[in-house]
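For reference, work05.txt (compact mmCIF, C-alpha atoms):
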```
# COMPACT_ATOMS: atom_id res chain seq x y z
CA MET I 193 -4.52 -36.96 -37.08
CA VAL I 194 -4.71 -40.53 -35.85
CA ARG I 195 -2.24 -43.36 -36.33
CA ARG I 196 -2.50 -47.05 -35.58
CA ILE I 197 0.08 -48.79 -33.43
CA ASP I 198 -0.02 -52.56 -33.03
CA VAL I 199 0.57 -53.94 -29.54
CA THR I 200 1.15 -57.54 -28.48
CA GLY I 201 -1.23 -58.52 -25.72
CA ALA I 202 -1.38 -61.49 -23.38
CA GLY I 203 -0.78 -64.81 -25.13
CA GLY I 204 0.46 -63.02 -28.25
CA VAL I 205 -2.94 -61.56 -29.21
CA ARG I 206 -2.54 -58.66 -31.63
CA LEU I 207 -4.11 -55.46 -30.31
CA ALA I 208 -4.76 -52.28 -32.28
CA ALA I 209 -4.07 -49.00 -30.47
CA TRP I 210 -4.88 -45.59 -31.90
CA GLU I 211 -2.87 -42.48 -31.08
CA PHE I 212 -4.60 -39.16 -31.67
CA ALA I 213 -2.82 -35.99 -32.90
CA ASP I 214 0.80 -35.68 -33.91
CA PRO I 215 2.96 -37.55 -31.41
CA PRO I 216 5.89 -35.64 -29.85
CA LYS I 217 9.19 -36.37 -31.56
CA ASP I 218 11.04 -37.19 -28.35
CA ASP I 219 10.69 -37.18 -24.56
CA LYS I 220 11.99 -33.59 -24.26
CA GLU I 221 9.40 -32.27 -26.71
CA ARG I 222 6.68 -34.30 -24.98
CA VAL I 223 7.45 -32.59 -21.66
CA GLU I 224 7.71 -29.14 -23.29
CA LEU I 225 4.29 -29.62 -24.89
CA GLY I 226 2.76 -30.65 -21.58
CA CYS I 227 1.88 -34.10 -22.90
CA GLU I 228 2.71 -35.99 -19.72
CA PRO I 229 1.22 -38.02 -18.29
CA GLY I 230 -0.02 -40.16 -21.13
CA VAL I 231 -3.66 -41.23 -21.23
CA LEU I 232 -4.91 -44.69 -22.15
CA LEU I 233 -8.61 -44.91 -23.02
CA LEU I 234 -10.43 -48.21 -22.54
CA HIS I 235 -13.87 -48.72 -24.11
CA GLY I 236 -16.65 -50.83 -22.65
CA LEU I 237 -18.08 -54.17 -23.72
CA MET I 238 -18.93 -54.14 -27.47
CA GLY I 239 -17.16 -50.79 -27.84
CA ARG I 240 -14.10 -49.83 -29.83
CA ALA I 241 -11.30 -47.29 -29.66
CA SER I 242 -13.01 -44.93 -32.13
CA HIS I 243 -15.76 -44.30 -29.58
CA TRP I 244 -13.17 -42.19 -27.76
CA ALA I 245 -12.30 -40.01 -30.77
CA GLY I 246 -14.06 -36.89 -29.50
CA THR I 247 -12.52 -37.23 -26.03
CA ALA I 248 -9.08 -38.07 -27.39
CA ARG I 249 -8.98 -34.98 -29.59
CA TRP I 250 -9.32 -32.56 -26.71
CA LEU I 251 -7.08 -34.70 -24.53
CA ALA I 252 -4.38 -34.53 -27.20
CA GLU I 253 -4.08 -30.78 -26.66
CA ARG I 254 -2.21 -31.49 -23.42
CA HIS I 255 -1.65 -35.23 -23.20
CA ARG I 256 -0.46 -38.12 -25.29
CA ALA I 257 -3.85 -39.77 -25.88
CA VAL I 258 -4.09 -43.42 -26.99
CA ALA I 259 -7.26 -45.52 -27.26
CA LEU I 260 -7.07 -49.31 -27.32
CA ASP I 261 -9.24 -51.80 -29.21
CA GLN I 262 -9.43 -54.49 -26.54
CA ARG I 263 -9.29 -58.18 -27.45
CA GLY I 264 -12.40 -59.36 -29.25
CA HIS I 265 -13.27 -55.77 -30.20
CA GLY I 266 -12.68 -53.38 -33.07
CA GLN I 267 -9.64 -54.29 -35.17
CA SER I 268 -7.90 -56.27 -32.44
CA GLY I 269 -7.54 -60.04 -32.46
CA LYS I 270 -10.58 -62.21 -31.76
CA PRO I 271 -9.09 -65.61 -30.92
CA ALA I 272 -11.68 -68.35 -31.25
CA GLY I 273 -10.52 -70.00 -28.05
CA GLY I 274 -10.04 -66.81 -26.09
CA PRO I 275 -9.17 -66.35 -23.35
CA PHE I 276 -11.58 -63.56 -22.48
CA THR I 277 -10.88 -63.56 -18.76
CA ARG I 278 -10.45 -60.57 -16.50
CA GLU I 279 -6.76 -61.39 -16.24
CA ALA I 280 -6.35 -61.33 -20.03
CA TYR I 281 -7.95 -57.89 -20.35
CA VAL I 282 -5.87 -56.46 -17.51
CA ASP I 283 -2.69 -58.03 -18.89
CA ASP I 284 -3.46 -56.49 -22.31
CA ALA I 285 -3.86 -53.01 -20.82
CA GLU I 286 -0.62 -53.41 -18.90
CA ALA I 287 1.16 -54.51 -22.08
CA ALA I 288 -0.20 -51.48 -23.93
CA LEU I 289 1.07 -49.06 -21.27
CA VAL I 290 4.54 -50.60 -21.35
CA GLN I 291 4.91 -51.07 -25.11
CA LEU I 292 3.54 -47.62 -25.92
CA ASP I 293 5.78 -46.02 -23.28
CA LEU I 294 2.78 -44.25 -21.73
CA ALA I 295 3.42 -44.95 -18.05
CA PRO I 296 2.85 -43.49 -15.60
CA ALA I 297 -0.46 -42.81 -17.30
CA VAL I 298 -3.99 -41.76 -16.54
CA LEU I 299 -6.46 -44.53 -17.35
CA ILE I 300 -9.92 -43.53 -18.54
CA GLY I 301 -12.35 -46.42 -18.75
CA HIS I 302 -16.00 -46.73 -19.65
CA SER I 303 -18.08 -49.58 -18.20
CA MET I 304 -16.06 -52.82 -18.53
CA GLY I 305 -13.05 -50.73 -19.56
CA ALA I 306 -13.31 -48.91 -16.22
CA LEU I 307 -13.19 -52.23 -14.37
CA THR I 308 -10.08 -53.20 -16.32
CA ALA I 309 -8.57 -49.82 -15.48
CA TRP I 310 -9.08 -50.01 -11.74
CA GLN I 311 -7.94 -53.63 -11.56
CA LEU I 312 -4.74 -52.63 -13.35
CA ALA I 313 -4.30 -49.58 -11.10
CA ALA I 314 -4.64 -51.82 -8.05
CA ARG I 315 -2.13 -54.35 -9.40
CA ARG I 316 0.44 -51.96 -10.89
CA PRO I 317 0.31 -48.61 -9.09
CA ASP I 318 3.69 -47.73 -10.59
CA LEU I 319 2.10 -47.58 -14.04
CA VAL I 320 -0.96 -45.47 -13.19
CA SER I 321 -0.95 -41.82 -12.11
CA GLY I 322 -4.70 -41.21 -12.24
CA LEU I 323 -7.96 -42.97 -13.00
CA VAL I 324 -11.38 -42.05 -14.40
CA ILE I 325 -14.18 -44.58 -13.86
CA CYS I 326 -17.16 -43.94 -16.13
CA ASP I 327 -20.48 -45.60 -15.24
CA MET I 328 -19.24 -48.96 -13.96
CA ARG I 329 -20.60 -50.69 -10.88
CA ALA I 330 -18.44 -52.37 -8.24
CA SER I 331 -21.30 -54.62 -7.11
CA ALA I 332 -22.06 -58.04 -8.58
CA LEU I 333 -24.78 -57.93 -11.25
CA GLY I 334 -25.74 -61.61 -11.00
CA ALA I 335 -27.15 -64.40 -13.13
CA ALA I 336 -30.38 -62.61 -14.02
CA SER I 337 -28.39 -59.81 -15.64
CA GLN I 338 -26.44 -62.29 -17.76
CA ARG I 339 -29.65 -63.98 -18.91
CA GLU I 340 -31.11 -60.60 -19.88
CA TRP I 341 -28.08 -59.87 -22.02
CA SER I 342 -28.32 -63.24 -23.74
CA ASP I 343 -32.00 -62.61 -24.50
CA TRP I 344 -31.18 -59.12 -25.75
CA PHE I 345 -28.59 -60.43 -28.19
CA GLU I 346 -31.16 -62.89 -29.52
CA ALA I 347 -33.54 -59.98 -30.17
CA TRP I 348 -31.16 -58.19 -32.54
CA PRO I 349 -32.68 -58.22 -36.08
CA VAL I 350 -29.39 -59.05 -37.78
CA PRO I 351 -28.32 -58.59 -40.44
CA PHE I 352 -29.42 -54.99 -40.80
CA ALA I 353 -30.08 -53.81 -44.33
CA THR I 354 -28.47 -50.39 -43.86
CA LEU I 355 -26.63 -48.35 -41.26
CA ALA I 356 -29.73 -46.19 -41.02
CA ASP I 357 -31.59 -49.29 -39.85
CA VAL I 358 -28.89 -49.88 -37.24
CA ARG I 359 -29.24 -46.34 -35.92
CA LYS I 360 -33.02 -46.57 -35.83
CA TRP I 361 -33.19 -49.92 -34.08
CA PHE I 362 -30.65 -49.16 -31.37
CA GLY I 363 -31.78 -45.57 -31.01
CA GLU I 364 -35.57 -46.11 -31.09
CA ASP I 365 -36.89 -49.65 -31.59
CA ASP I 366 -34.68 -51.67 -29.22
CA PRO I 367 -36.87 -52.80 -26.27
CA TRP I 368 -34.06 -51.70 -23.94
CA VAL I 369 -34.54 -48.06 -25.06
CA GLU I 370 -36.89 -46.15 -22.77
CA ARG I 371 -37.01 -43.11 -25.04
CA PRO I 372 -35.44 -42.22 -28.41
CA ASN I 373 -31.69 -41.81 -28.11
CA PRO I 374 -29.89 -40.90 -31.36
CA ALA I 375 -26.49 -41.02 -29.61
CA ARG I 376 -27.08 -44.68 -28.76
CA GLY I 377 -27.94 -45.40 -32.38
CA SER I 378 -24.70 -43.76 -33.51
CA PHE I 379 -22.72 -45.66 -30.88
CA TYR I 380 -23.87 -49.04 -32.21
CA ALA I 381 -23.60 -48.02 -35.86
CA GLU I 382 -19.89 -47.56 -35.23
CA VAL I 383 -19.43 -51.23 -34.24
CA MET I 384 -21.12 -52.65 -37.34
CA THR I 385 -19.44 -53.95 -40.45
CA GLU I 386 -20.88 -54.76 -43.89
CA SER I 387 -20.95 -58.26 -45.36
CA ASP I 388 -22.69 -59.80 -48.37
CA ASP I 389 -25.87 -60.21 -46.31
CA GLY I 390 -25.97 -56.74 -44.78
CA TRP I 391 -24.67 -55.10 -41.59
CA GLY I 392 -23.70 -56.98 -38.44
CA PRO I 393 -21.46 -56.51 -35.41
CA VAL I 394 -17.71 -56.42 -35.82
CA PHE I 395 -17.50 -58.60 -32.69
CA ASP I 396 -18.74 -62.11 -31.95
CA ARG I 397 -21.71 -61.94 -29.60
CA ASP I 398 -20.83 -65.24 -27.93
CA GLN I 399 -17.39 -63.85 -27.16
CA MET I 400 -19.02 -60.80 -25.62
CA LEU I 401 -21.19 -62.97 -23.39
CA ASN I 402 -18.15 -65.04 -22.40
CA THR I 403 -16.28 -61.85 -21.58
CA ARG I 404 -19.12 -60.50 -19.48
CA GLU I 405 -19.53 -63.79 -17.64
CA THR I 406 -16.05 -63.38 -16.15
CA TRP I 407 -17.08 -60.35 -14.07
CA VAL I 408 -20.87 -60.09 -13.62
CA TYR I 409 -21.08 -62.66 -10.82
CA ASP I 410 -18.41 -61.04 -8.64
CA ALA I 411 -18.17 -57.83 -6.65
CA HIS I 412 -15.04 -55.74 -7.20
CA TRP I 413 -14.84 -53.59 -4.07
CA GLU I 414 -11.62 -55.15 -2.83
CA GLU I 415 -9.61 -54.12 -5.89
CA LEU I 416 -11.23 -50.69 -5.81
CA ALA I 417 -10.00 -50.13 -2.26
CA GLN I 418 -6.46 -50.95 -3.40
CA VAL I 419 -6.31 -48.10 -5.94
CA GLN I 420 -3.92 -45.51 -4.54
CA CYS I 421 -3.94 -42.86 -7.29
CA PRO I 422 -6.43 -39.96 -7.60
CA THR I 423 -9.66 -41.39 -9.00
CA LEU I 424 -12.75 -39.72 -10.44
CA VAL I 425 -16.01 -41.70 -10.44
CA VAL I 426 -18.36 -40.33 -13.12
CA ARG I 427 -21.96 -41.36 -13.64
CA GLY I 428 -24.63 -40.31 -16.07
CA LEU I 429 -27.68 -39.13 -14.15
CA ASP I 430 -29.74 -41.76 -16.00
CA GLY I 431 -26.97 -44.34 -16.29
CA GLU I 432 -26.52 -47.81 -14.84
CA LEU I 433 -24.42 -46.69 -11.87
CA GLY I 434 -26.70 -45.30 -9.16
CA ARG I 435 -25.77 -42.27 -7.08
CA ALA I 436 -25.62 -44.19 -3.79
CA GLU I 437 -23.29 -46.85 -5.17
CA ALA I 438 -21.12 -44.26 -6.92
CA GLN I 439 -20.71 -42.30 -3.71
CA GLU I 440 -19.89 -45.48 -1.82
CA MET I 441 -17.22 -46.23 -4.43
CA VAL I 442 -15.76 -42.77 -3.77
CA ARG I 443 -15.78 -43.47 -0.03
CA VAL I 444 -13.96 -46.79 -0.53
CA LEU I 445 -11.34 -45.27 -2.80
CA PRO I 446 -8.40 -43.81 -0.85
CA ARG I 447 -8.34 -40.71 -3.11
CA GLY I 448 -11.75 -40.75 -4.73
CA GLU I 449 -13.79 -37.89 -6.21
CA TYR I 450 -17.35 -37.88 -7.52
CA ALA I 451 -19.02 -36.24 -10.54
CA GLU I 452 -22.27 -36.71 -12.40
CA VAL I 453 -23.38 -35.53 -15.82
CA PRO I 454 -27.01 -34.40 -16.26
CA ASP I 455 -29.09 -35.64 -19.19
CA ALA I 456 -26.69 -38.54 -19.76
CA GLY I 457 -27.27 -42.26 -19.61
CA HIS I 458 -24.77 -45.10 -19.62
CA LEU I 459 -22.95 -43.73 -22.69
CA VAL I 460 -21.95 -40.56 -20.86
CA HIS I 461 -19.21 -39.43 -23.27
CA TYR I 462 -21.55 -40.00 -26.23
CA ASP I 463 -24.75 -38.60 -24.71
CA GLN I 464 -23.25 -35.39 -23.34
CA PRO I 465 -19.70 -34.85 -24.66
CA GLU I 466 -19.47 -31.29 -23.35
CA GLY I 467 -20.77 -32.24 -19.91
CA TRP I 468 -18.33 -35.16 -19.87
CA ARG I 469 -15.42 -32.86 -20.70
CA ALA I 470 -16.52 -30.35 -18.08
CA VAL I 471 -16.10 -32.88 -15.26
CA VAL I 472 -13.09 -34.82 -16.56
CA GLU I 473 -10.80 -32.02 -17.72
CA PRO I 474 -10.42 -30.26 -14.32
CA PHE I 475 -9.65 -33.61 -12.70
CA LEU I 476 -6.94 -34.32 -15.27
CA ASP I 477 -5.50 -30.85 -14.78
CA GLY I 478 -5.18 -31.67 -11.08
CA VAL I 479 -3.36 -34.91 -11.84
CA LEU I 480 -1.12 -33.13 -14.34
CA THR I 481 -0.09 -30.43 -11.87
CA GLY I 482 0.30 -32.88 -8.99
```

Could you quickly redo this structure as structure tokens?
Amino acid sequence: MVRRIDVTGAGGVRLAAWEFADPPKDDKERVELGCEPGVLLLHGLMGRASHWAGTARWLAERHRAVALDQRGHGQSGKPAGGPFTREAYVDDAEAALVQLDLAPAVLIGHSMGALTAWQLAARRPDLVSGLVICDMRASALGAASQREWSDWFEAWPVPFATLADVRKWFGEDDPWVERPNPARGSFYAEVMTESDDGWGPVFDRDQMLNTRETWVYDAHWEELAQVQCPTLVVRGLDGELGRAEAQEMVRVLPRGEYAEVPDAGHLVHYDQPEGWRAVVEPFLDGVLTG
């Protein structure tokens, strides 16, 4: 079962959160069921809460698992004037933790969502009991990376005639794909919506570029070093986060741990869901038992 809960984010932006499984009736039942701490799942750029459905279902066996559609994404608000700053995303995640009564919670973030998670953990350690960083770099990516993304967006053959075309292009024909990847095709099919002309993204691509611009030029090591809770850094063996940088992130973190998932790229939890669970679940058990 999944239910939607609306949250008010920074500046009054409406955010859609999705709670998986039947929620406990009260705090006593939640403790008896072993559902503490809560878990807030934060997707990456262009993602949506539903990308966490598989993870959230097994999390819900022992935790209160909630995934958030971040501003500009999924069914959350997409204000024309933004803001889409780092501060806005972190403020939104903080608001979700408080309004959903999840804290102290474990934050699980993928890519940009991981950056939001560790920035919030650094700022509000009282709200965060544990942290999972999935395939997000702490180093600055730079101007060339932003230009590549802009060019990539221009290459999208939108609108797509069918969802099958979406899956094929992102899974096989996209010039960014080194080899066929059906999981990638499914990932992007989930963020498409149908209009009179065909299928296109549920998000505004200019808003995505504006969002990305607020963090690609900066390094984020300082905030990482301020995270005091147990933290697991996970990378796909073929992902965007290299082994050397991931291990340096673990070294910088006061309570960092490292894990990698074979045969996985950037979309670790989509590429290898069982491998992802195998590294994340023991870490969460450790946080749960203290």

First collect every listed atom of region 418-424 of chain I; then fit an axis-aligned box around them, widen it by 8 Å on each side, and give centre and edge lengths in Å to one decimal, as AutoDock Vina command-line options.
```
--center_x -8.3 --center_y -45.3 --center_z -6.9 --size_x 24.8 --size_y 27.2 --size_z 23.0
```

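Here CA of Phe212 (chain I) stands at a distance of 4.4 Å from CA of Val194 (chain I).
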
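Taking all atoms listed in the file into account, Thr406 (chain I) lies nearest to I:Met304 out of the set I:Ala257, I:Val419, I:Leu476, I:Met304.
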
Among listed residues I:Leu323, I:Ser342, I:Trp348, I:Gln464, nearest Leu445 (chain I) (using all atoms listed in the file)
I:Leu323

List as a PyMOL selection string the residues having at least one atom at most 9 Å from position (-12.3, -44.4, -30.1) as given in the file, counting only C-alpha atoms.
chain I and resi 210+233-235+239-248+258-261

Using all atoms listed in the file and a cutoff of 12 Å, can you tell me which residues are near (-22.5, -64.7, -31.2) in the file's coordinates, and write them out as a PyMOL selection string?
chain I and resi 238+264+272+341-346+348+350+392-403

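The closest residue to Gly305 (chain I), picked from I:Met328, I:Leu292, I:Leu424, I:Ala287 and counting only C-alpha atoms, is I:Met328.
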
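When only C-alpha atoms are used to measure the gap to His255 (chain I), the shortest distance among I:Pro372, I:Gly273, I:Pro229, I:Gly301 belongs to I:Pro229.
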
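Across the model, the gap from CA of Glu405 (chain I) to CA of Asn373 (chain I) is 27.2 Å.
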
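Distance-wise, CA of His458 (chain I) and CA of Phe379 (chain I) end up 11.5 Å apart.
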
Go through I:Ala332, I:Cys326, I:Val444, I:Ala356 and flag the residue nearest Val471 (chain I), using only C-alpha atoms for the distances.
I:Cys326

Using only C-alpha atoms, which protein or nucleic acid residues come within 10 Å of Pro465 (chain I)? Drop anything in the same chain fewer than 5 positions from it, and give the result as a PyMOL selection string.
chain I and resi 246-247+453+456+459-460+470

In terms of only C-alpha atoms, the residue from I:Leu312, I:Ile325, I:Ala375, I:Val282 at minimal distance from Glu449 (chain I) is I:Ile325
